[in-house]
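**Student:** File follows, upload.txt with compact mmCIF, C-alpha atoms:
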```txt
# COMPACT_ATOMS: atom_id res chain seq x y z
CA MET A 1 -17.96 -19.65 -61.03
CA LEU A 2 -19.93 -22.56 -59.69
CA ASN A 3 -16.97 -24.86 -60.41
CA ARG A 4 -14.66 -22.59 -58.42
CA TYR A 5 -16.98 -22.93 -55.37
CA LYS A 6 -17.07 -26.69 -55.83
CA VAL A 7 -13.27 -26.88 -55.84
CA LEU A 8 -13.13 -24.58 -52.81
CA PHE A 9 -15.67 -26.75 -50.98
CA ALA A 10 -13.79 -29.94 -51.89
CA GLY A 11 -10.54 -28.39 -50.68
CA ALA A 12 -12.10 -27.35 -47.39
CA ALA A 13 -13.56 -30.85 -46.95
CA LEU A 14 -10.14 -32.42 -47.58
CA ILE A 15 -8.46 -30.11 -45.05
CA ALA A 16 -11.16 -30.88 -42.48
CA THR A 17 -10.81 -34.63 -42.91
CA THR A 18 -7.01 -34.38 -42.77
CA VAL A 19 -7.26 -32.46 -39.48
CA LEU A 20 -9.71 -35.06 -38.18
CA LEU A 21 -7.30 -37.83 -39.09
CA LEU A 22 -4.25 -36.12 -37.69
CA SER A 23 -5.78 -35.28 -34.31
CA PRO A 24 -6.03 -38.91 -33.11
CA LEU A 25 -2.70 -39.69 -34.75
CA SER A 26 -0.99 -36.96 -32.78
CA ALA A 27 -2.61 -38.33 -29.63
CA LEU A 28 -1.35 -41.75 -30.65
CA ALA A 29 2.16 -40.41 -31.15
CA GLN A 30 2.06 -38.90 -27.67
CA ALA A 31 0.73 -42.16 -26.30
CA THR A 32 3.58 -44.18 -27.74
CA ALA A 33 6.26 -41.65 -26.91
CA ALA A 34 5.09 -41.05 -23.36
CA PRO A 35 5.89 -44.43 -21.75
CA ALA A 36 9.57 -44.16 -22.56
CA GLY A 37 9.85 -40.64 -21.29
CA SER A 38 7.68 -40.69 -18.21
CA SER A 39 8.91 -43.02 -15.55
CA GLN A 40 6.98 -41.26 -12.82
CA SER A 41 3.22 -41.25 -12.49
CA THR A 42 1.27 -38.09 -11.97
CA THR A 43 1.13 -37.36 -8.27
CA SER A 44 -2.35 -36.97 -6.97
CA VAL A 45 -2.97 -35.48 -3.56
CA SER A 46 -6.71 -35.42 -3.08
CA LYS A 47 -9.45 -36.73 -0.87
CA ASP A 48 -8.81 -40.18 -2.34
CA ARG A 49 -7.22 -42.54 0.14
CA TRP A 50 -4.53 -44.85 -1.16
CA LEU A 51 -3.29 -48.05 0.38
CA HIS A 52 0.35 -48.68 -0.37
CA VAL A 53 2.31 -51.89 -0.03
CA ARG A 54 6.05 -51.91 -0.44
CA VAL A 55 8.28 -54.94 -0.17
CA ILE A 56 12.01 -54.52 -0.52
CA SER A 57 14.14 -57.60 -0.48
CA SER A 58 17.82 -57.23 0.18
CA ASP A 59 18.75 -60.69 -1.05
CA ALA A 60 20.83 -61.32 -4.18
CA LYS A 61 17.84 -60.81 -6.49
CA GLY A 62 17.02 -57.49 -4.86
CA GLU A 63 13.30 -57.81 -5.49
CA THR A 64 11.09 -54.79 -5.01
CA VAL A 65 7.30 -54.82 -5.05
CA ARG A 66 5.22 -51.67 -4.98
CA VAL A 67 1.43 -51.74 -4.99
CA ASN A 68 -0.74 -48.62 -4.86
CA VAL A 69 -4.48 -49.18 -4.53
CA PRO A 70 -7.16 -46.53 -4.08
CA LEU A 71 -9.36 -47.65 -1.17
CA GLU A 72 -12.49 -46.58 -3.03
CA LEU A 73 -11.56 -48.84 -5.94
CA ALA A 74 -11.10 -51.77 -3.57
CA GLU A 75 -14.44 -50.93 -1.93
CA LYS A 76 -16.21 -51.02 -5.30
CA VAL A 77 -14.43 -54.07 -6.67
CA LEU A 78 -14.64 -56.37 -3.63
CA PRO A 79 -18.46 -56.77 -3.82
CA ALA A 80 -18.06 -57.95 -7.42
CA ILE A 81 -15.92 -60.89 -6.30
CA HIS A 82 -17.82 -64.11 -5.69
CA GLN A 83 -15.34 -66.86 -5.20
CA ASP A 84 -14.76 -69.47 -2.53
CA ARG A 85 -15.18 -67.71 0.77
CA ILE A 86 -15.53 -64.18 -0.55
CA HIS A 87 -19.02 -62.95 -1.37
CA ASP A 88 -20.42 -59.40 -1.46
CA GLY A 89 -17.29 -57.96 0.09
CA LYS A 90 -17.43 -60.34 3.03
CA VAL A 91 -15.17 -63.25 3.76
CA LYS A 92 -16.50 -66.31 5.51
CA ILE A 93 -14.52 -67.80 8.33
CA ASP A 94 -15.31 -71.36 9.36
CA ASN A 95 -16.45 -70.17 12.73
CA ALA A 96 -15.53 -67.32 14.94
CA HIS A 97 -13.57 -69.69 17.13
CA VAL A 98 -10.10 -69.80 15.71
CA ASN A 99 -7.91 -72.17 17.68
CA ASP A 100 -10.55 -72.14 20.41
CA VAL A 101 -10.44 -68.37 20.68
CA ASP A 102 -13.75 -66.55 20.29
CA LEU A 103 -12.58 -63.69 18.11
CA ARG A 104 -15.79 -61.72 18.35
CA ALA A 105 -15.82 -61.87 22.14
CA LEU A 106 -12.16 -60.88 22.16
CA VAL A 107 -12.84 -57.85 19.93
CA ASP A 108 -15.80 -56.84 22.10
CA ALA A 109 -13.61 -57.07 25.18
CA ILE A 110 -10.85 -54.98 23.60
CA ARG A 111 -13.32 -52.38 22.37
CA THR A 112 -14.75 -51.78 25.82
CA THR A 113 -11.44 -51.84 27.61
CA LYS A 114 -9.45 -48.68 28.34
CA ASP A 115 -6.06 -48.10 26.77
CA GLY A 116 -3.41 -50.38 28.14
CA GLU A 117 -1.07 -53.28 27.58
CA PHE A 118 -2.81 -56.63 27.19
CA VAL A 119 0.11 -58.89 26.53
CA THR A 120 3.74 -58.34 27.31
CA VAL A 121 6.20 -61.15 26.82
CA GLN A 122 9.90 -60.66 27.19
CA SER A 123 12.19 -63.60 26.69
CA ASN A 124 15.57 -64.39 25.26
CA ASP A 125 13.94 -65.49 22.01
CA CYS A 126 11.40 -62.78 21.47
CA ASP A 127 9.49 -59.84 22.84
CA VAL A 128 5.76 -59.58 22.24
CA ARG A 129 3.57 -56.64 23.07
CA VAL A 130 -0.16 -56.33 22.40
CA ALA A 131 -1.71 -53.06 23.47
CA LYS A 132 -4.55 -50.66 22.93
CA GLN A 133 -3.36 -47.14 22.55
CA SER A 134 -5.18 -44.02 21.26
CA ASN A 135 -7.94 -46.16 19.74
CA HIS A 136 -5.44 -48.32 17.91
CA LEU A 137 -4.67 -51.98 18.47
CA ILE A 138 -0.93 -52.40 18.41
CA VAL A 139 0.92 -55.67 18.05
CA HIS A 140 4.68 -55.57 18.26
CA VAL A 141 6.87 -58.64 17.93
CA LEU A 142 10.64 -58.62 18.11
CA ASP A 143 12.20 -61.94 17.21
CA LYS A 144 15.65 -62.20 18.74
CA GLN A 145 16.40 -65.74 17.63
CA ASN A 146 19.60 -66.11 15.66
CA SER A 147 21.89 -63.18 15.26
CA LYS A 148 19.54 -61.57 12.72
CA LYS A 149 16.67 -59.86 14.43
CA SER A 150 13.28 -59.39 12.87
CA GLU A 151 10.64 -56.96 13.93
CA VAL A 152 6.93 -56.84 13.15
CA GLU A 153 4.65 -53.97 14.06
CA VAL A 154 0.96 -53.92 13.25
CA LYS A 155 -1.14 -50.87 14.11
CA VAL A 156 -4.84 -51.10 13.30
CA PRO A 157 -7.43 -48.45 14.20
CA MET A 158 -10.12 -49.91 16.48
CA LYS A 159 -12.83 -48.54 14.17
CA VAL A 160 -11.46 -50.71 11.38
CA ILE A 161 -11.53 -53.80 13.60
CA ASP A 162 -15.09 -52.96 14.66
CA ALA A 163 -16.13 -52.60 11.03
CA LEU A 164 -14.40 -55.84 10.12
CA PHE A 165 -16.46 -57.74 12.66
CA SER A 166 -19.67 -55.82 11.96
CA ALA A 167 -21.03 -58.45 9.55
CA GLY A 168 -23.02 -61.47 10.56
CA LYS A 169 -21.68 -64.35 12.55
CA ASP A 170 -18.65 -66.09 11.06
CA GLU A 171 -18.07 -63.32 8.55
CA LEU A 172 -15.57 -60.53 8.17
CA ASP A 173 -16.85 -57.43 6.39
CA LEU A 174 -13.91 -56.34 4.25
CA VAL A 175 -15.78 -53.51 2.54
CA ALA A 176 -16.88 -52.01 5.86
CA ALA A 177 -13.29 -52.31 7.12
CA LEU A 178 -11.95 -50.53 4.03
CA HIS A 179 -14.59 -47.84 4.41
CA ALA A 180 -13.59 -47.33 8.03
CA LEU A 181 -9.95 -47.28 7.00
CA SER A 182 -10.59 -44.57 4.41
CA ALA A 183 -11.85 -42.30 7.18
CA GLN A 184 -8.50 -42.55 8.98
CA GLY A 185 -5.65 -40.11 8.56
CA ASP A 186 -2.28 -40.99 7.11
CA THR A 187 -1.08 -44.00 9.02
CA GLU A 188 1.35 -46.90 8.88
CA LEU A 189 -0.51 -50.16 9.32
CA VAL A 190 2.13 -52.83 9.02
CA SER A 191 5.88 -52.73 9.24
CA VAL A 192 8.07 -55.81 9.00
CA LYS A 193 11.82 -55.68 9.06
CA ASP A 194 14.15 -58.62 9.01
CA HIS A 195 17.60 -59.28 7.64
CA GLU A 196 16.20 -60.04 4.16
CA ASN A 197 12.97 -58.10 3.71
CA THR A 198 11.37 -54.84 4.58
CA VAL A 199 7.60 -54.71 4.26
CA ARG A 200 5.52 -51.60 4.73
CA VAL A 201 1.76 -51.18 4.40
CA TRP A 202 0.50 -47.67 4.86
CA LEU A 203 -2.31 -45.30 4.03
CA ASP A 204 -2.12 -41.77 2.67
CA SER A 205 -3.61 -39.45 0.07
CA LYS A 206 -0.89 -39.81 -2.53
CA ASN A 207 -1.06 -42.13 -5.53
CA ILE A 208 2.66 -42.84 -5.53
CA THR A 209 4.98 -44.51 -3.09
CA ASP A 210 7.66 -42.36 -1.47
CA MET B 1 -10.43 -35.06 -65.88
CA MET B 2 -12.50 -32.98 -63.43
CA LEU B 3 -14.83 -35.94 -62.85
CA LEU B 4 -11.86 -38.19 -62.07
CA ALA B 5 -10.50 -35.64 -59.59
CA LYS B 6 -13.89 -35.43 -57.87
CA ALA B 7 -14.13 -39.21 -57.63
CA ALA B 8 -10.59 -39.43 -56.22
CA LEU B 9 -11.42 -36.68 -53.71
CA THR B 10 -14.58 -38.49 -52.62
CA VAL B 11 -12.81 -41.84 -52.20
CA GLY B 12 -9.85 -40.19 -50.48
CA GLY B 13 -12.11 -38.18 -48.17
CA THR B 14 -14.11 -41.28 -47.28
CA ILE B 15 -10.96 -43.24 -46.49
CA VAL B 16 -9.60 -40.39 -44.38
CA LEU B 17 -12.91 -39.98 -42.55
CA ALA B 18 -13.20 -43.71 -41.94
CA GLY B 19 -9.61 -43.74 -40.66
CA ALA B 20 -10.25 -40.79 -38.38
CA TYR B 21 -13.42 -42.45 -37.02
CA ALA B 22 -11.65 -45.76 -36.45
CA MET B 23 -8.76 -44.06 -34.63
CA ARG B 24 -10.86 -41.72 -32.50
CA GLU B 25 -10.39 -43.83 -29.36
CA GLY B 26 -6.73 -44.58 -30.00
CA VAL B 27 -5.25 -48.00 -30.58
CA ILE B 28 -4.93 -51.28 -28.78
CA ARG B 29 -1.30 -52.27 -28.90
CA ILE B 30 -0.18 -55.79 -28.16
CA ASP B 31 3.45 -56.88 -28.37
CA VAL B 32 4.45 -60.35 -27.28
CA ASP B 33 7.90 -61.82 -27.80
CA GLU B 34 8.83 -65.23 -26.44
CA TYR B 35 12.54 -65.93 -26.59
CA ARG B 36 12.55 -69.71 -26.95
CA ALA B 37 12.47 -72.19 -29.78
CA GLY B 38 9.08 -71.87 -31.47
CA GLY B 39 8.15 -68.93 -29.27
CA SER B 40 5.46 -66.53 -30.40
CA HIS B 41 6.12 -63.07 -31.72
CA VAL B 42 2.91 -61.09 -31.89
CA HIS B 43 2.84 -57.40 -32.74
CA MET B 44 -0.59 -55.91 -33.19
CA TRP B 45 -1.96 -52.41 -33.52
CA VAL B 46 -5.73 -52.39 -33.69
CA PRO B 47 -7.97 -49.30 -33.73
CA ALA B 48 -9.72 -49.42 -30.35
CA ALA B 49 -13.04 -48.27 -31.78
CA ALA B 50 -13.08 -51.25 -34.14
CA VAL B 51 -13.13 -53.91 -31.42
CA PRO B 52 -16.59 -53.27 -29.91
CA MET B 53 -17.85 -52.80 -33.49
CA VAL B 54 -16.40 -56.15 -34.56
CA LEU B 55 -18.00 -57.82 -31.51
CA HIS B 56 -21.40 -56.95 -32.98
CA PHE B 57 -20.62 -59.22 -35.91
CA VAL B 58 -19.45 -62.17 -33.80
CA PRO B 59 -22.13 -64.89 -33.75
CA THR B 60 -24.16 -64.71 -30.52
CA GLU B 61 -23.45 -68.33 -29.58
CA HIS B 62 -19.69 -67.68 -29.67
CA LEU B 63 -20.08 -64.56 -27.54
CA ARG B 64 -22.26 -66.50 -25.10
CA HIS B 65 -19.60 -69.20 -24.89
CA VAL B 66 -16.89 -66.62 -24.08
CA SER B 67 -19.20 -64.89 -21.60
CA CYS B 68 -19.80 -68.21 -19.83
CA ASP B 69 -16.08 -68.88 -19.57
CA ALA B 70 -15.38 -65.42 -18.22
CA ARG B 71 -18.55 -64.89 -16.22
CA GLN B 72 -16.75 -64.65 -12.88
CA ALA B 73 -14.08 -62.29 -14.13
CA MET B 74 -16.28 -59.94 -16.17
CA PRO B 75 -18.07 -58.11 -13.31
CA ILE B 76 -14.73 -57.70 -11.52
CA LEU B 77 -13.00 -56.40 -14.65
CA HIS B 78 -15.91 -54.09 -15.37
CA ALA B 79 -15.86 -52.70 -11.81
CA ILE B 80 -12.07 -52.22 -11.94
CA VAL B 81 -12.10 -50.42 -15.28
CA LYS B 82 -15.07 -48.24 -14.33
CA GLU B 83 -13.19 -47.16 -11.20
CA LEU B 84 -9.80 -46.77 -12.87
CA LYS B 85 -11.24 -44.13 -15.17
CA LYS B 86 -11.76 -41.87 -12.16
CA TYR B 87 -8.12 -41.78 -11.13
CA PRO B 88 -5.14 -39.90 -12.52
CA ASP B 89 -2.26 -41.70 -14.22
CA THR B 90 -0.95 -44.12 -11.64
CA GLU B 91 1.48 -46.97 -11.28
CA PHE B 92 -0.66 -49.60 -9.55
CA VAL B 93 1.75 -52.50 -9.49
CA GLU B 94 5.48 -52.45 -9.92
CA VAL B 95 7.62 -55.53 -9.43
CA ASP B 96 11.34 -55.40 -10.07
CA ASP B 97 14.08 -57.84 -9.55
CA HIS B 98 17.42 -57.86 -11.26
CA ASP B 99 16.15 -59.30 -14.56
CA GLU B 100 12.35 -59.21 -14.39
CA HIS B 101 10.11 -56.18 -14.39
CA VAL B 102 6.35 -56.01 -14.24
CA ARG B 103 4.36 -52.79 -14.43
CA ILE B 104 0.61 -52.25 -14.40
CA ARG B 105 -0.31 -48.63 -14.78
CA THR B 106 -2.79 -46.25 -16.27
CA GLU B 107 -1.69 -43.50 -18.56
CA GLY B 108 -3.95 -41.12 -20.41
CA ALA B 109 -7.07 -43.25 -19.82
CA ARG B 110 -5.26 -46.33 -21.10
CA LEU B 111 -4.28 -49.43 -19.21
CA GLN B 112 -0.68 -50.36 -19.77
CA ILE B 113 0.78 -53.72 -18.80
CA ASP B 114 4.49 -54.32 -19.31
CA VAL B 115 6.30 -57.54 -18.52
CA ASP B 116 10.01 -57.71 -19.23
CA ALA B 117 11.64 -61.02 -18.45
CA PRO B 118 14.64 -62.75 -19.98
CA ASP B 119 12.43 -65.34 -21.70
CA GLN B 120 9.56 -63.07 -22.75
CA LYS B 121 8.43 -59.53 -23.23
CA VAL B 122 4.78 -58.56 -23.13
CA HIS B 123 3.53 -55.03 -23.65
CA ILE B 124 -0.17 -54.29 -23.75
CA LEU B 125 -1.75 -50.89 -24.11
CA CYS B 126 -5.52 -50.62 -24.25
CA PRO B 127 -7.93 -47.72 -23.76
CA LEU B 128 -10.00 -48.21 -20.60
CA SER B 129 -13.17 -47.26 -22.47
CA THR B 130 -12.58 -50.14 -24.90
CA ILE B 131 -12.16 -52.66 -22.08
CA GLU B 132 -15.36 -51.30 -20.53
CA ASP B 133 -17.24 -51.61 -23.84
CA ILE B 134 -16.05 -55.19 -24.27
CA THR B 135 -16.99 -56.21 -20.72
CA ILE B 136 -20.43 -54.62 -21.12
CA GLN B 137 -21.02 -56.49 -24.37
CA LEU B 138 -19.82 -59.78 -22.93
CA GLU B 139 -21.95 -59.30 -19.80
CA GLU B 140 -24.97 -58.62 -22.02
CA HIS B 141 -24.40 -61.96 -23.72
CA GLY B 142 -23.80 -63.76 -20.44
CA PRO B 143 -25.95 -66.65 -19.20
CA ALA B 144 -28.13 -64.34 -17.10
CA ALA B 145 -28.79 -61.99 -20.04
```
Show me the file's structure as C-alpha cells.

**Tutor:**
Amino acid sequence: MLNRYKVLFAGAALIATTVLLLSPLSALAQATAAPAGSSQSTTSVSKDRWLHVRVISSDAKGETVRVNVPLELAEKVLPAIHQDRIHDGKVKIDNAHVNDVDLRALVDAIRTTKDGEFVTVQSNDCDVRVAKQSNHLIVHVLDKQNSKKSEVEVKVPMKVIDALFSAGKDELDLVAALHALSAQGDTELVSVKDHENTVRVWLDSKNITD
Amino acid sequence: MMLLAKAALTVGGTIVLAGAYAMREGVIRIDVDEYRAGGSHVHMWVPAAAVPMVLHFVPTEHLRHVSCDARQAMPILHAIVKELKKYPDTEFVEVDDHDEHVRIRTEGARLQIDVDAPDQKVHILCPLSTIEDITIQLEEHGPAA
C-alpha cells in the first residue's frame, strides 16, 4: 500500500517537473516564432510621449530611417551620460556668444516680444522667415537655388526654448527641454524636404511611426 | 529493480528541475555570420538565468577590469534597460536600404537586435532583466564600488 503511494507521489512529482520545464520552453517557442510573424510592434497610445524621427531618402539606395524614442526614457538616460560636453543632462557650449550673437539675450528678447515676424528675406535664391506665432518659434527656409527646391521648417514651442536655456550660463539643459516638450500636444517639430530626402521629427503619444 | 527506478526518477527529476530553473528567464540567443574568408560563425543559445549566476564565479579582478573598461557605458545601459522594461513592445530603431537592414526593438521584455547586411548577419535576443542583472553586477564591481 505504502509502495503504491510512493509510486503515485513519484509520478506526480515527474508530471510537475515536466510542466515546469515545458512552461518556459513554450514561452521560448513563442519567442522564437514571434519575430518572423510579427512585423508590426504593439501600438501604444498612452500618456507616454514619443519623439519620432523619420528620414526617407529617394536616391538609388532608397534608405529609410525610423527612430521612436519615449521622451521619458530620454529624460532618464541623458543624466547618466557624462562625456565630453554632456554632463547631468546638460550640454556645455563654449560661451553663449555664438558667432558674436548673445543667444541668451536673443531668447529673452523673443520671449518677451509679442507674436510677429522677426526676419523675412525674399530673394531669387531663397526665402527665409523667422517668426513667433502662438507661443512657437517658427523658422522657415525655402532654398530656390538650382531647379530642385528644398524646404526646411522648424517649429519649436517657446516653453521648450525657455527650458533649454534655463540652466546656468553657457549651458543648455536638455533634460528640462525634453520635460517641457513632453507637456506639449502632438506637434511636428522639424520638416525638411528636398529632392533627395524627406526628414520629419514629430511628437505624439504613439509608439510607432505612421 | 524498484530501487533503480527510484534512482532514475530522482536523477531525471533533478535534471528536469534544474533545466526548468535555468530556463525560467528564457534564453540569450546570439547568431553571428560573417560572409568573408575566415569570417566568424557564432550560434549560441544560453539560458538567461545562468549568466548572472556564472558572473558570481568570475574572479573579482577580472570583473573589476571589465567594469573599468565599461564604466562610462554601464550607467547608461542600466538606465536604458530599466526604462525599456516600462514600455510595450516597440521598434526603436529601423534602418533600411536596399540591401542592409538594422532593427532594434523590444519584444516580450527582450531586447532584439537584428543586422542583415550582405557581408554579415547579426541577431541578438536577450531578456532585459538579464542585461539589468549584468549591469548591476558590473557596476557593483566598478572602481567606485

**Student:** Residues of chain B within 8 Å of chain A, counting all atoms listed in the file - could you list those as a PDB file with C-alpha atoms, keeping the file's coordinate frame?

**Tutor:**
```pdb
ATOM      1  CA  LEU B   9     -11.420 -36.680 -53.710  1.00  0.00           C
ATOM      2  CA  GLY B  13     -12.110 -38.180 -48.170  1.00  0.00           C
ATOM      3  CA  VAL B  16      -9.600 -40.390 -44.380  1.00  0.00           C
ATOM      4  CA  LEU B  17     -12.910 -39.980 -42.550  1.00  0.00           C
ATOM      5  CA  GLY B  19      -9.610 -43.740 -40.660  1.00  0.00           C
ATOM      6  CA  ALA B  20     -10.250 -40.790 -38.380  1.00  0.00           C
ATOM      7  CA  TYR B  21     -13.420 -42.450 -37.020  1.00  0.00           C
ATOM      8  CA  MET B  23      -8.760 -44.060 -34.630  1.00  0.00           C
ATOM      9  CA  ARG B  24     -10.860 -41.720 -32.500  1.00  0.00           C
ATOM     10  CA  GLU B  25     -10.390 -43.830 -29.360  1.00  0.00           C
ATOM     11  CA  GLY B  26      -6.730 -44.580 -30.000  1.00  0.00           C
ATOM     12  CA  VAL B  27      -5.250 -48.000 -30.580  1.00  0.00           C
ATOM     13  CA  GLN B  72     -16.750 -64.650 -12.880  1.00  0.00           C
ATOM     14  CA  PRO B  75     -18.070 -58.110 -13.310  1.00  0.00           C
ATOM     15  CA  ILE B  76     -14.730 -57.700 -11.520  1.00  0.00           C
ATOM     16  CA  ALA B  79     -15.860 -52.700 -11.810  1.00  0.00           C
ATOM     17  CA  ILE B  80     -12.070 -52.220 -11.940  1.00  0.00           C
ATOM     18  CA  GLU B  83     -13.190 -47.160 -11.200  1.00  0.00           C
ATOM     19  CA  LEU B  84      -9.800 -46.770 -12.870  1.00  0.00           C
ATOM     20  CA  PRO B  88      -5.140 -39.900 -12.520  1.00  0.00           C
ATOM     21  CA  ASP B  89      -2.260 -41.700 -14.220  1.00  0.00           C
ATOM     22  CA  THR B  90      -0.950 -44.120 -11.640  1.00  0.00           C
ATOM     23  CA  GLU B  91       1.480 -46.970 -11.280  1.00  0.00           C
ATOM     24  CA  PHE B  92      -0.660 -49.600  -9.550  1.00  0.00           C
ATOM     25  CA  VAL B  93       1.750 -52.500  -9.490  1.00  0.00           C
ATOM     26  CA  GLU B  94       5.480 -52.450  -9.920  1.00  0.00           C
ATOM     27  CA  VAL B  95       7.620 -55.530  -9.430  1.00  0.00           C
ATOM     28  CA  ASP B  96      11.340 -55.400 -10.070  1.00  0.00           C
ATOM     29  CA  ASP B  97      14.080 -57.840  -9.550  1.00  0.00           C
ATOM     30  CA  HIS B  98      17.420 -57.860 -11.260  1.00  0.00           C
ATOM     31  CA  GLY B 108      -3.950 -41.120 -20.410  1.00  0.00           C
TER      32      GLY B 108
END
```

**Student:** In terms of the shortest atom-to-atom distance over all atoms listed in the file, which of B:Lys86, B:Val66, B:His123, B:Arg71 is closest to His43 in chain B?

**Tutor:** B:His123

**Student:** Would you list the contacts of range 47-59 of chain B as an MDAnalysis selection string, taking every protein, DNA or RNA residue within 10 Å and counting all atoms listed in the file, but skipping same-chain residues closer than 3 positions in sequence?

**Tutor:** chainID B and resid 19:29 44 62:64 126:138

**Student:** Quick one, how far is CA of Ser150 in chain A from CA of Asp127 in chain A?

**Tutor:**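 Rounded to one decimal, the two atoms are 10.7 Å apart.
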
**Student:** Report the distance between CA of Asp102 in chain A and CA of Gly168 in chain A in Å, rounded to one decimal place.

**Tutor:**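 Here the two named atoms are 14.4 Å from each other.
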
**Student:** What does the distance between CA of Asp186 in chain A and CA of Val199 in chain A come to in Å, to one decimal place?

**Tutor:**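 CA of Asp186 in chain A sits 17.1 Å away from CA of Val199 in chain A.
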
**Student:** Please provide as a list in words all residues within 12 Å of Gln184 in chain A, with the sequence filter that same-chain residues fewer than 3 positions apart are discarded (counting all atoms listed in the file).

**Tutor:**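 These residues fall inside the cut-off: Lys47, Asp48, Arg49, Trp50, Leu51, Leu71, Asn135, His136, Val156, Pro157, Met158, Lys159, Val160, Ala177, Leu178, His179, Ala180, Leu181, Thr187, Glu188, Leu189, Trp202, Leu203, Asp204 and Ser205 of chain A.
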
**Student:** Residues near Glu196 in chain A, anyone? I mean within 8 Å using only C-alpha atoms, not counting same-chain ones fewer than 2 positions away, as a VMD selection string.

**Tutor:** chain A and resid 57 to 59 193 to 194 198

**Student:** Mind checking which residues fall within 7 Å of Val139 in chain A, counting all atoms listed in the file, ignoring those fewer than 5 positions away in the same chain, and posting them as a count of residues only?

**Tutor:** 6
